[in-house]
$ cat final.csv   # CSV, C-alpha atoms
chain,number,residue,atom,x,y,z
A,135,MET,CA,-63.9,29.5,34.9
A,136,PRO,CA,-64.3,28.6,38.6
A,137,ARG,CA,-62.9,25.3,39.7
A,138,ARG,CA,-65.1,22.6,41.1
A,139,SER,CA,-64.3,21.9,44.7
A,140,GLY,CA,-65.4,19.4,47.3
A,141,PRO,CA,-64.3,16.2,48.9
A,142,ILE,CA,-63.1,13.3,46.9
A,143,GLN,CA,-65.9,10.7,46.6
A,144,LYS,CA,-64.7,7.4,48.1
A,145,ARG,CA,-65.7,4.2,46.3
A,146,SER,CA,-65.6,0.5,46.8
A,147,ILE,CA,-63.1,-1.9,45.3
A,148,PRO,CA,-64.6,-3.8,42.5
A,149,ASN,CA,-65.8,-7.3,43.4
A,150,VAL,CA,-65.0,-6.8,47.1
A,151,LYS,CA,-67.6,-6.6,49.9
A,152,LYS,CA,-65.5,-5.7,52.9
A,153,VAL,CA,-62.0,-4.1,53.2
A,154,ILE,CA,-59.7,-4.4,56.2
A,155,VAL,CA,-56.3,-2.7,56.4
A,156,VAL,CA,-53.4,-3.8,58.6
A,157,ALA,CA,-51.3,-0.8,59.4
A,158,SER,CA,-49.0,0.7,62.0
A,159,GLY,CA,-47.1,3.8,61.1
A,160,LYS,CA,-44.0,2.0,62.1
A,161,GLY,CA,-41.9,-0.4,60.0
A,162,GLY,CA,-40.6,-3.8,61.2
A,163,VAL,CA,-43.5,-4.6,63.6
A,164,GLY,CA,-44.8,-7.6,61.7
A,165,LYS,CA,-47.7,-6.0,59.7
A,166,SER,CA,-47.2,-8.3,56.7
A,167,THR,CA,-47.0,-11.4,58.7
A,168,ILE,CA,-50.1,-10.4,60.7
A,169,ALA,CA,-52.0,-9.5,57.4
A,170,VAL,CA,-51.3,-12.8,55.8
A,171,ASN,CA,-52.2,-14.9,58.9
A,172,LEU,CA,-55.3,-12.7,59.5
A,173,ALA,CA,-56.5,-13.4,55.9
A,174,PHE,CA,-56.1,-17.2,56.4
A,175,SER,CA,-57.7,-17.1,59.9
A,176,LEU,CA,-60.7,-15.3,58.3
A,177,ALA,CA,-60.9,-17.9,55.6
A,178,LEU,CA,-60.7,-20.7,58.1
A,179,LEU,CA,-63.7,-19.5,60.1
A,180,LYS,CA,-66.3,-22.2,60.1
A,181,ALA,CA,-70.0,-22.1,59.4
A,182,SER,CA,-70.5,-23.7,62.8
A,183,GLN,CA,-69.2,-20.4,64.3
A,184,GLY,CA,-72.2,-18.5,63.0
A,185,PHE,CA,-71.4,-17.7,59.4
A,186,ALA,CA,-70.5,-19.3,56.1
A,187,PRO,CA,-66.9,-19.8,55.1
A,188,LEU,CA,-65.5,-16.5,53.7
A,189,LYS,CA,-63.8,-15.8,50.4
A,190,VAL,CA,-60.7,-13.8,51.3
A,191,GLY,CA,-57.9,-12.1,49.4
A,192,ILE,CA,-54.7,-10.2,50.2
A,193,LEU,CA,-53.5,-7.0,48.7
A,194,ASP,CA,-49.9,-5.7,49.3
A,195,LEU,CA,-49.8,-1.9,49.1
A,196,ASP,CA,-46.1,-1.7,50.2
A,197,ILE,CA,-44.8,-0.4,46.9
A,198,PHE,CA,-41.2,0.0,47.9
A,199,GLY,CA,-40.8,-3.1,50.0
A,200,PRO,CA,-43.4,-5.8,49.2
A,201,SER,CA,-43.3,-8.8,51.5
A,202,ILE,CA,-46.4,-10.7,50.4
A,203,PRO,CA,-44.7,-12.6,47.5
A,204,THR,CA,-42.3,-14.2,50.0
A,205,LEU,CA,-44.9,-14.8,52.7
A,206,MET,CA,-47.3,-16.4,50.2
A,207,GLY,CA,-44.5,-18.5,48.5
A,208,LEU,CA,-45.0,-16.7,45.2
A,209,GLN,CA,-41.7,-14.8,44.8
A,210,ASP,CA,-40.7,-16.7,41.7
A,211,SER,CA,-44.2,-17.0,40.2
A,212,GLY,CA,-43.8,-14.6,37.2
A,213,GLU,CA,-46.1,-11.8,36.1
A,214,PRO,CA,-49.9,-12.2,36.6
A,215,GLU,CA,-52.1,-12.7,33.6
A,216,LEU,CA,-54.7,-10.1,32.3
A,217,THR,CA,-58.4,-10.5,31.6
A,218,ALA,CA,-59.8,-9.7,28.1
A,219,LYS,CA,-60.6,-6.2,29.5
A,220,GLY,CA,-57.1,-5.7,30.8
A,221,ALA,CA,-57.7,-6.3,34.5
A,222,ILE,CA,-54.9,-8.0,36.5
A,223,ILE,CA,-55.7,-11.6,37.7
A,224,PRO,CA,-54.4,-12.2,41.2
A,225,LEU,CA,-51.9,-15.0,41.8
A,226,MET,CA,-53.2,-17.9,43.9
A,227,ASN,CA,-51.5,-20.0,46.5
A,228,HIS,CA,-52.8,-22.0,49.5
A,229,GLY,CA,-56.3,-21.3,48.2
A,230,LEU,CA,-56.2,-17.5,48.5
A,231,PRO,CA,-55.7,-14.9,45.8
A,232,SER,CA,-53.1,-12.2,46.3
A,233,MET,CA,-51.7,-9.2,44.5
A,234,SER,CA,-48.6,-7.2,45.1
A,235,MET,CA,-46.3,-4.8,43.4
A,236,GLY,CA,-43.7,-7.5,43.8
A,237,PHE,CA,-45.5,-9.5,41.1
A,238,LEU,CA,-45.2,-6.7,38.6
A,239,LEU,CA,-41.5,-5.8,38.8
A,240,PRO,CA,-39.1,-6.8,36.0
A,241,PRO,CA,-36.2,-9.1,36.8
A,242,SER,CA,-32.9,-7.4,37.6
A,243,SER,CA,-30.1,-7.8,35.0
A,244,GLY,CA,-28.3,-11.1,35.2
A,245,SER,CA,-30.3,-12.6,38.0
A,246,GLY,CA,-33.4,-13.8,36.3
A,247,THR,CA,-35.5,-12.8,39.3
A,248,ASN,CA,-36.9,-9.5,40.6
A,249,ASN,CA,-35.8,-10.1,44.2
A,250,ASP,CA,-33.2,-7.3,43.9
A,251,THR,CA,-35.2,-5.0,41.7
A,252,PRO,CA,-35.8,-1.7,43.5
A,253,VAL,CA,-38.7,0.7,43.0
A,254,VAL,CA,-37.3,4.2,42.5
A,255,TRP,CA,-40.3,6.4,42.0
A,256,ARG,CA,-41.6,9.8,42.9
A,257,GLY,CA,-45.0,10.5,44.5
A,258,LEU,CA,-47.1,10.7,41.4
A,259,MET,CA,-46.0,7.3,40.0
A,260,VAL,CA,-46.6,5.7,43.4
A,261,GLN,CA,-50.1,7.1,43.5
A,262,LYS,CA,-50.8,5.7,40.0
A,263,ALA,CA,-49.5,2.3,41.0
A,264,VAL,CA,-51.7,2.3,44.1
A,265,GLN,CA,-54.8,3.2,42.2
A,266,GLN,CA,-54.0,0.4,39.7
A,267,LEU,CA,-53.7,-2.1,42.5
A,268,LEU,CA,-56.9,-0.9,44.1
A,269,PHE,CA,-59.2,-0.7,41.1
A,270,ASP,CA,-57.6,-2.7,38.2
A,271,VAL,CA,-57.4,-6.1,39.8
A,272,ASP,CA,-60.1,-8.7,39.0
A,273,TRP,CA,-60.9,-10.4,42.4
A,274,THR,CA,-63.2,-12.8,40.7
A,275,SER,CA,-59.9,-14.3,39.4
A,276,GLY,CA,-61.0,-13.9,35.9
A,277,ASP,CA,-63.8,-16.4,36.0
A,278,GLY,CA,-66.7,-13.9,36.6
A,279,GLY,CA,-67.5,-15.3,40.0
A,280,SER,CA,-68.9,-13.5,43.1
A,281,GLY,CA,-65.6,-11.9,44.2
A,282,LEU,CA,-64.4,-11.6,47.8
A,283,ASP,CA,-66.2,-11.3,51.1
A,284,VAL,CA,-63.1,-9.7,52.6
A,285,LEU,CA,-59.9,-8.1,51.2
A,286,VAL,CA,-57.1,-7.7,53.7
A,287,ILE,CA,-54.7,-4.9,52.7
A,288,ASP,CA,-51.1,-4.9,53.9
A,289,MET,CA,-50.1,-1.3,54.4
A,290,PRO,CA,-46.6,0.2,54.2
A,291,PRO,CA,-45.1,2.1,57.2
A,292,GLY,CA,-45.5,5.8,57.5
A,293,THR,CA,-48.2,8.4,56.8
A,294,GLY,CA,-47.3,9.2,53.2
A,295,ASP,CA,-48.7,8.8,49.7
A,296,VAL,CA,-50.0,5.3,50.0
A,297,PRO,CA,-52.1,5.5,53.1
A,298,LEU,CA,-53.3,9.0,52.1
A,299,THR,CA,-54.3,7.7,48.6
A,300,LEU,CA,-56.1,4.7,50.1
A,301,GLY,CA,-57.9,6.7,52.7
A,302,GLN,CA,-59.1,9.3,50.2
A,303,LEU,CA,-60.3,7.0,47.5
A,304,VAL,CA,-61.6,3.8,49.1
A,305,GLU,CA,-64.4,2.9,51.5
A,306,ILE,CA,-62.6,1.1,54.3
A,307,ASP,CA,-64.5,-1.1,56.8
A,308,GLY,CA,-61.9,-1.1,59.5
A,309,ALA,CA,-58.2,-1.0,60.4
A,310,VAL,CA,-56.1,-3.2,62.6
A,311,ILE,CA,-53.2,-1.4,64.1
A,312,VAL,CA,-50.0,-3.4,64.8
A,313,SER,CA,-47.3,-2.5,67.3
A,314,THR,CA,-44.5,-4.0,69.3
A,315,PRO,CA,-44.0,-3.0,73.0
A,316,GLN,CA,-41.1,-0.5,72.5
A,317,ASP,CA,-41.6,3.2,72.9
A,318,VAL,CA,-40.1,3.9,69.5
A,319,ALA,CA,-42.8,1.8,67.9
A,320,LEU,CA,-45.7,3.2,69.9
A,321,ALA,CA,-44.7,6.8,69.0
A,322,ASP,CA,-45.1,6.1,65.3
A,323,VAL,CA,-48.2,4.0,65.9
A,324,ARG,CA,-49.9,7.1,67.5
A,325,LYS,CA,-49.1,9.1,64.4
A,326,GLY,CA,-50.5,6.4,62.2
A,327,ILE,CA,-53.7,6.3,64.1
A,328,ALA,CA,-54.1,10.1,64.0
A,329,MET,CA,-53.6,10.0,60.2
A,330,MET,CA,-56.3,7.3,59.8
A,331,ARG,CA,-58.7,9.2,61.9
A,332,LYS,CA,-58.0,12.3,59.7
A,333,VAL,CA,-59.1,10.4,56.6
A,334,SER,CA,-62.1,8.8,58.4
A,335,ILE,CA,-60.8,5.2,58.5
A,336,PRO,CA,-62.5,3.4,61.3
A,337,ILE,CA,-60.2,1.5,63.7
A,338,ILE,CA,-61.3,-1.9,64.9
A,339,GLY,CA,-58.5,-2.4,67.4
A,340,MET,CA,-54.8,-2.6,68.2
A,341,LEU,CA,-52.7,-5.8,68.2
A,342,LEU,CA,-49.5,-6.1,70.2
A,343,ASN,CA,-47.0,-8.3,68.3
A,344,GLN,CA,-44.0,-10.0,70.0
A,345,SER,CA,-45.5,-9.1,73.3
A,346,HIS,CA,-43.7,-11.8,75.3
A,347,PHE,CA,-41.9,-15.1,75.0
A,348,ILE,CA,-43.3,-18.2,76.6
A,349,CYS,CA,-40.5,-20.4,77.9
A,350,PRO,CA,-41.0,-24.1,76.9
A,351,SER,CA,-39.7,-25.4,80.2
A,352,CYS,CA,-41.4,-23.0,82.7
A,353,THR,CA,-44.4,-21.7,80.6
A,354,GLN,CA,-44.0,-18.3,82.1
A,355,PRO,CA,-44.1,-15.2,79.9
A,356,HIS,CA,-40.9,-13.3,79.5
A,357,TYR,CA,-41.1,-9.7,78.3
A,358,LEU,CA,-38.0,-9.5,76.1
A,359,PHE,CA,-38.9,-6.1,74.6
A,360,GLY,CA,-40.5,-4.5,77.7
A,361,GLU,CA,-43.8,-5.2,79.5
A,362,PRO,CA,-47.1,-4.3,77.6
A,363,ASP,CA,-48.2,-1.6,80.1
A,364,LYS,CA,-47.4,1.3,77.7
A,365,PHE,CA,-49.2,-0.4,74.9
A,366,ARG,CA,-52.2,-0.9,77.0
A,367,THR,CA,-52.1,2.7,78.2
A,368,THR,CA,-51.8,4.0,74.6
A,369,ALA,CA,-54.8,2.0,73.6
A,370,SER,CA,-56.8,3.3,76.6
A,371,GLN,CA,-55.8,6.9,76.0
A,372,LEU,CA,-56.9,6.6,72.3
A,373,GLY,CA,-60.1,4.8,73.1
A,374,ILE,CA,-59.2,1.8,71.0
A,375,ASP,CA,-59.9,-1.9,71.8
A,376,ILE,CA,-57.0,-4.3,72.3
A,377,LEU,CA,-57.5,-7.3,70.0
A,378,CYS,CA,-54.8,-9.5,71.4
A,379,GLU,CA,-51.2,-9.7,72.6
A,380,LEU,CA,-49.3,-12.2,70.5
A,381,PRO,CA,-46.3,-14.0,71.9
A,382,LEU,CA,-42.9,-14.2,70.1
A,383,VAL,CA,-42.8,-17.5,68.3
A,384,SER,CA,-39.9,-18.7,66.2
A,385,GLY,CA,-42.1,-20.8,63.9
A,386,VAL,CA,-44.0,-17.8,62.7
A,387,SER,CA,-40.8,-16.4,61.2
A,388,THR,CA,-39.4,-19.7,59.8
A,389,THR,CA,-42.7,-20.8,58.1
A,390,GLY,CA,-43.2,-17.3,56.7
A,391,ASP,CA,-39.7,-17.4,55.1
A,392,ARG,CA,-40.8,-20.7,53.5
A,393,GLY,CA,-44.0,-19.1,52.1
A,394,ILE,CA,-46.3,-21.0,54.5
A,395,PRO,CA,-48.5,-18.9,56.8
A,396,TYR,CA,-48.3,-20.0,60.4
A,397,SER,CA,-52.1,-20.4,60.5
A,398,LEU,CA,-51.7,-23.2,58.0
A,399,ALA,CA,-48.7,-24.9,59.7
A,400,PRO,CA,-49.3,-28.5,60.8
A,401,LYS,CA,-50.4,-28.9,64.4
A,402,GLU,CA,-47.2,-30.8,65.1
A,403,GLY,CA,-45.2,-27.8,64.0
A,404,ARG,CA,-47.1,-25.4,66.3
A,405,GLU,CA,-46.7,-27.9,69.2
A,406,ALA,CA,-43.0,-27.8,68.6
A,407,ASP,CA,-43.2,-24.1,69.5
A,408,SER,CA,-44.8,-25.3,72.8
A,409,ALA,CA,-47.5,-23.2,74.5
A,410,GLY,CA,-46.4,-20.1,72.5
A,411,GLY,CA,-47.3,-21.6,69.1
A,412,LEU,CA,-50.7,-22.9,70.2
A,413,SER,CA,-51.5,-19.5,71.9
A,414,TRP,CA,-50.5,-17.6,68.8
A,415,ASN,CA,-52.8,-19.5,66.5
A,416,GLU,CA,-55.7,-19.4,68.9
A,417,ALA,CA,-55.3,-15.7,69.3
A,418,MET,CA,-55.3,-15.1,65.5
A,419,ILE,CA,-58.6,-17.1,65.2
A,420,ASN,CA,-60.1,-15.0,68.0
A,421,VAL,CA,-59.0,-11.8,66.3
A,422,ALA,CA,-60.5,-13.0,63.0
A,423,GLU,CA,-63.8,-13.7,64.8
A,424,LYS,CA,-63.9,-10.3,66.4
A,425,ILE,CA,-63.1,-8.5,63.2
A,426,TRP,CA,-65.8,-10.3,61.1
A,427,LYS,CA,-68.5,-9.8,63.8
A,428,THR,CA,-67.5,-6.1,63.8
A,429,ILE,CA,-67.7,-5.5,60.0
A,430,ARG,CA,-70.3,-8.0,58.8
$ encode --input "final.csv" --output "structure tokens"
Amino acid sequence: MPRRSGPIQKRSIPNVKKVIVVASGKGGVGKSTIAVNLAFSLALLKASQGFAPLKVGILDLDIFGPSIPTLMGLQDSGEPELTAKGAIIPLMNHGLPSMSMGFLLPPSSGSGTNNDTPVVWRGLMVQKAVQQLLFDVDWTSGDGGSGLDVLVIDMPPGTGDVPLTLGQLVEIDGAVIVSTPQDVALADVRKGIAMMRKVSIPIIGMLLNQSHFICPSCTQPHYLFGEPDKFRTTASQLGIDILCELPLVSGVSTTGDRGIPYSLAPKEGREADSAGGLSWNEAMINVAEKIWKTIR
């Protein structure tokens, strides 16, 4: 018998209206930190800015190195519960639901936690795990509510099984591409963008992380990892908008390690990071506004 052929039909994620992916192609550029803070910045947008407060969730698709449990302060939370129909109920902290492979791993022997538990899987098992995280999570949090206005997906680095599976199966409303100023990061970012275009994922814009350091005493930007000229040239050559250029702020890292997104840090804490902290937070709010106006 002849085989049926044709493109895979993309579908929406149950109980999710809009899907944003935060990706790069390069590891270590701060995708997870940006994804978490973008989610909270979207949730913090006010009705006075032209739209009602949004219901936002976070999905971690980094199967081998999930960071969302730590950044959300949920690394010791235990396994999520299931609905009567067997769907996974996301874990909640800071008022936002999140789901990650890190919530589903068994504890390593002798430690009582899964912090050291590796995922050692071949491609087919990875694809099955991705599909379960995409389609078997109840984003109504098990109460039969209206679900999410926006789901922010934290992508793994590279152009392998996970981004390919996502791009082929899910209707994505837009991607935010994260980079740092170095050539080695931009080279992989270009490959990641090419891959997304190949699977028809629309790209909203590029975000430069750790662009510069603002000195507390002189308030002048210092380009520790190189000036942003090559990043701007890359964006121009690829015809992609630049969403923002975020400064390097120590508080972003320290609050993240404590499971508190910088977007939720007390104002005094951001002021302790001087002009850089205030600039970082304002830039993320502006990025959230641009993204929502683009996809709404």
$ residues_near_point --input "final.csv" --point "(-54.1, -3.9, 48.0)" --cutoff "7 Å" --atoms "only C-alpha atoms" --output "ChimeraX atom specification"
/A:192-195,233,267-268,287-288
$ residues_around --input "final.csv" --residues "A:Met206" --least-positions-apart "4" --cutoff "12 Å" --atoms "all atoms listed in the file" --output "ChimeraX atom specification"
/A:166-167,169-171,173-174,191-194,200-202,210-211,225-234,236-237,389-396,398
$ write_last_selection --input "final.csv" --atoms "C-alpha atoms" --output "compact mmCIF listing (two decimals), keeping the file's coordinate frame"
# COMPACT_ATOMS: atom_id res chain seq x y z
CA SER A 166 -47.20 -8.30 56.70
CA THR A 167 -47.00 -11.40 58.70
CA ALA A 169 -52.00 -9.50 57.40
CA VAL A 170 -51.30 -12.80 55.80
CA ASN A 171 -52.20 -14.90 58.90
CA ALA A 173 -56.50 -13.40 55.90
CA PHE A 174 -56.10 -17.20 56.40
CA GLY A 191 -57.90 -12.10 49.40
CA ILE A 192 -54.70 -10.20 50.20
CA LEU A 193 -53.50 -7.00 48.70
CA ASP A 194 -49.90 -5.70 49.30
CA PRO A 200 -43.40 -5.80 49.20
CA SER A 201 -43.30 -8.80 51.50
CA ILE A 202 -46.40 -10.70 50.40
CA ASP A 210 -40.70 -16.70 41.70
CA SER A 211 -44.20 -17.00 40.20
CA LEU A 225 -51.90 -15.00 41.80
CA MET A 226 -53.20 -17.90 43.90
CA ASN A 227 -51.50 -20.00 46.50
CA HIS A 228 -52.80 -22.00 49.50
CA GLY A 229 -56.30 -21.30 48.20
CA LEU A 230 -56.20 -17.50 48.50
CA PRO A 231 -55.70 -14.90 45.80
CA SER A 232 -53.10 -12.20 46.30
CA MET A 233 -51.70 -9.20 44.50
CA SER A 234 -48.60 -7.20 45.10
CA GLY A 236 -43.70 -7.50 43.80
CA PHE A 237 -45.50 -9.50 41.10
CA THR A 389 -42.70 -20.80 58.10
CA GLY A 390 -43.20 -17.30 56.70
CA ASP A 391 -39.70 -17.40 55.10
CA ARG A 392 -40.80 -20.70 53.50
CA GLY A 393 -44.00 -19.10 52.10
CA ILE A 394 -46.30 -21.00 54.50
CA PRO A 395 -48.50 -18.90 56.80
CA TYR A 396 -48.30 -20.00 60.40
CA LEU A 398 -51.70 -23.20 58.00
$ closest_residue --input "final.csv" --among "A:Gln265, A:Thr247, A:Thr388, A:Gln371" --to "A:Leu300" --atoms "all atoms listed in the file"
A:Gln265
$ closest_residue --input "final.csv" --among "A:Gly339, A:Gly276, A:Gly294, A:Gly207" --to "A:Gly220" --atoms "only C-alpha atoms"
A:Gly276
$ atom_distance --input "final.csv" --atom1 "atom CA of A:Gly411" --atom2 "atom CA of A:Cys349"
11.2 Å
$ closest_residue --input "final.csv" --among "A:Asn343, A:Thr204, A:Ser158, A:Thr428" --to "A:Glu379" --atoms "all atoms listed in the file"
A:Asn343
$ closest_residue --input "final.csv" --among "A:Ser243, A:Ser413, A:Thr217, A:Gln344" --to "A:Asp277" --atoms "all atoms listed in the file"
A:Thr217
$ atom_distance --input "final.csv" --atom1 "atom CA of A:Ile223" --atom2 "atom CA of A:Gly279"
12.6 Å
$ closest_residue --input "final.csv" --among "A:Ser175, A:Gln143, A:Leu320, A:Leu282" --to "A:Ala399" --atoms "all atoms listed in the file"
A:Ser175
$ residues_around --input "final.csv" --residues "A:Glu423" --least-positions-apart "6" --cutoff "12 Å" --atoms "all atoms listed in the file" --output "PyMOL selection string"
chain A and resi 172-181+183-185+187-188+377-378+416-417+429-430
$ atom_distance --input "final.csv" --atom1 "atom CA of A:Met235" --atom2 "atom CA of A:Leu285"
16.0 Å
$ residues_around --input "final.csv" --residues "A:Glu305" --least-positions-apart "6" --cutoff "12 Å" --atoms "all atoms listed in the file" --output "ChimeraX atom specification"
/A:142-148,150-155,268,285,299,333-336
$ closest_residue --input "final.csv" --among "A:Asp283, A:Asp363, A:Asp375, A:Asp295" --to "A:Ile311" --atoms "only C-alpha atoms"
A:Asp375
$ build_atoms --input "final.csv" --residues "stretch 315-329 of chain A" --atoms "N, CA and C atoms" --output "PDB file, in the coordinates of the input"
ATOM      1  N   PRO A 315     -43.888  -3.720  71.703  1.00  0.00           N
ATOM      2  CA  PRO A 315     -44.000  -3.000  73.000  1.00  0.00           C
ATOM      3  C   PRO A 315     -43.113  -1.774  73.144  1.00  0.00           C
ATOM      4  N   GLN A 316     -42.097  -1.583  72.289  1.00  0.00           N
ATOM      5  CA  GLN A 316     -41.100  -0.500  72.500  1.00  0.00           C
ATOM      6  C   GLN A 316     -41.744   0.880  72.332  1.00  0.00           C
ATOM      7  N   ASP A 317     -41.213   1.831  73.060  1.00  0.00           N
ATOM      8  CA  ASP A 317     -41.600   3.200  72.900  1.00  0.00           C
ATOM      9  C   ASP A 317     -41.474   3.748  71.515  1.00  0.00           C
ATOM     10  N   VAL A 318     -40.377   3.361  70.855  1.00  0.00           N
ATOM     11  CA  VAL A 318     -40.100   3.900  69.500  1.00  0.00           C
ATOM     12  C   VAL A 318     -41.167   3.406  68.523  1.00  0.00           C
ATOM     13  N   ALA A 319     -41.748   2.242  68.762  1.00  0.00           N
ATOM     14  CA  ALA A 319     -42.800   1.800  67.900  1.00  0.00           C
ATOM     15  C   ALA A 319     -44.138   2.488  68.233  1.00  0.00           C
ATOM     16  N   LEU A 320     -44.434   2.614  69.503  1.00  0.00           N
ATOM     17  CA  LEU A 320     -45.700   3.200  69.900  1.00  0.00           C
ATOM     18  C   LEU A 320     -45.779   4.697  69.498  1.00  0.00           C
ATOM     19  N   ALA A 321     -44.636   5.390  69.446  1.00  0.00           N
ATOM     20  CA  ALA A 321     -44.700   6.800  69.000  1.00  0.00           C
ATOM     21  C   ALA A 321     -45.154   6.943  67.608  1.00  0.00           C
ATOM     22  N   ASP A 322     -44.680   6.066  66.708  1.00  0.00           N
ATOM     23  CA  ASP A 322     -45.100   6.100  65.300  1.00  0.00           C
ATOM     24  C   ASP A 322     -46.534   5.557  65.146  1.00  0.00           C
ATOM     25  N   VAL A 323     -46.893   4.607  65.989  1.00  0.00           N
ATOM     26  CA  VAL A 323     -48.200   4.000  65.900  1.00  0.00           C
ATOM     27  C   VAL A 323     -49.276   5.135  66.227  1.00  0.00           C
ATOM     28  N   ARG A 324     -48.991   5.978  67.204  1.00  0.00           N
ATOM     29  CA  ARG A 324     -49.900   7.100  67.500  1.00  0.00           C
ATOM     30  C   ARG A 324     -50.100   8.006  66.335  1.00  0.00           C
ATOM     31  N   LYS A 325     -49.013   8.283  65.624  1.00  0.00           N
ATOM     32  CA  LYS A 325     -49.100   9.100  64.400  1.00  0.00           C
ATOM     33  C   LYS A 325     -49.926   8.467  63.346  1.00  0.00           C
ATOM     34  N   GLY A 326     -49.711   7.169  63.168  1.00  0.00           N
ATOM     35  CA  GLY A 326     -50.500   6.400  62.200  1.00  0.00           C
ATOM     36  C   GLY A 326     -51.961   6.438  62.466  1.00  0.00           C
ATOM     37  N   ILE A 327     -52.311   6.288  63.740  1.00  0.00           N
ATOM     38  CA  ILE A 327     -53.700   6.300  64.100  1.00  0.00           C
ATOM     39  C   ILE A 327     -54.323   7.687  63.897  1.00  0.00           C
ATOM     40  N   ALA A 328     -53.567   8.742  64.225  1.00  0.00           N
ATOM     41  CA  ALA A 328     -54.100  10.100  64.000  1.00  0.00           C
ATOM     42  C   ALA A 328     -54.315  10.356  62.519  1.00  0.00           C
ATOM     43  N   MET A 329     -53.432   9.833  61.664  1.00  0.00           N
ATOM     44  CA  MET A 329     -53.600  10.000  60.200  1.00  0.00           C
ATOM     45  C   MET A 329     -54.846   9.283  59.739  1.00  0.00           C
TER      46      MET A 329
END
